[in-house]
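Input: a single structure, listed below in structure tokens.
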Amino acid sequence: MVVKKEKTNFKRHDKDTGSPEFQISLLSDEIAVLQGHLEAHKKDFDAKRSILKKVAKRRSLLRYLKNTNLDIYVTVSKKFGIK
């Protein structure tokens with residue numbers, strides 16, 4: 001799967017699950033899945049709420065990454081097309 005390759009690119013080590021760049025990649029994948037779901041099920045308000053929560057979490061992680069390590073922030077934002 002292509003998605004798993006992208007996730008492993010952002011891992012700092014084999015058992016990495018907590019780094020901001022890895023969490024951003026996971027959230028981006030989950031957001032993409034939920035967007036596909038919402039296209040088919042427009043009135044699923046629980047999915048809409050969860051996508052908004054995930055976007056807010058990703059935004060806060062991106063802000064943290066921008067303040068701590070600008071090089072990784074630029075790499076992650078370009079990879080996922082996030083401003």
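Just so we're on the same page: first chain in the structure tokens is A, next is B, and so on; residues restart at 1 for each chain, and ligands are numbered from 1 in the order they show up.
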Next item on the list: Write out as a ChimeraX atom specification each polymer residue whose atoms come within 10 Å of segment 26-38 of chain A, counting only C-alpha atoms; drop sequence neighbours fewer than 2 positions from it.
Entry: /A:3-4,6-7,17,20-24,40-45,47-48,50-55,57-58,80,82
Any chance you can output those residues with C-alpha atoms as a compact mmCIF listing (two decimals), in the first residue's frame?
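Saved as selection-v2.txt:
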# COMPACT_ATOMS: atom_id res chain seq x y z
CA VAL A 3 -0.19 4.97 2.35
CA LYS A 4 1.99 2.78 4.57
CA GLU A 6 4.27 7.50 3.31
CA LYS A 7 3.73 6.80 7.01
CA THR A 17 4.09 6.63 17.04
CA PRO A 20 4.33 15.18 15.41
CA GLU A 21 5.19 14.45 11.77
CA PHE A 22 4.00 10.84 12.09
CA GLN A 23 0.79 11.91 13.84
CA ILE A 24 0.16 14.47 11.09
CA ALA A 40 -21.27 9.31 -0.18
CA HIS A 41 -23.12 10.08 3.07
CA LYS A 42 -23.74 13.81 3.16
CA LYS A 43 -25.95 13.75 6.27
CA ASP A 44 -23.55 11.84 8.50
CA PHE A 45 -23.04 14.61 11.03
CA ALA A 47 -18.42 11.90 10.66
CA LYS A 48 -18.47 15.61 9.88
CA SER A 50 -14.95 13.92 13.74
CA ILE A 51 -13.32 15.28 10.57
CA LEU A 52 -13.42 18.78 12.05
CA LYS A 53 -11.81 17.50 15.26
CA LYS A 54 -9.06 15.76 13.28
CA VAL A 55 -8.39 18.88 11.20
CA LYS A 57 -5.72 18.47 15.94
CA ARG A 58 -3.61 18.38 12.76
CA PHE A 80 0.41 16.61 2.14
CA ILE A 82 -1.12 21.72 3.65
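Distance check against Asn9 of chain A using only C-alpha atoms: of A:Arg49, A:Lys66, A:Arg59, A:Lys79, the minimum falls on A:Lys79.
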Notebook entry, point to check: When DSSP works through the backbone of this structure, what residues of chain A end up as alpha helix (DSSP H), shown as a PyMOL selection string?
Noted result: chain A and resi 2-9+20-40+45-68+70-80
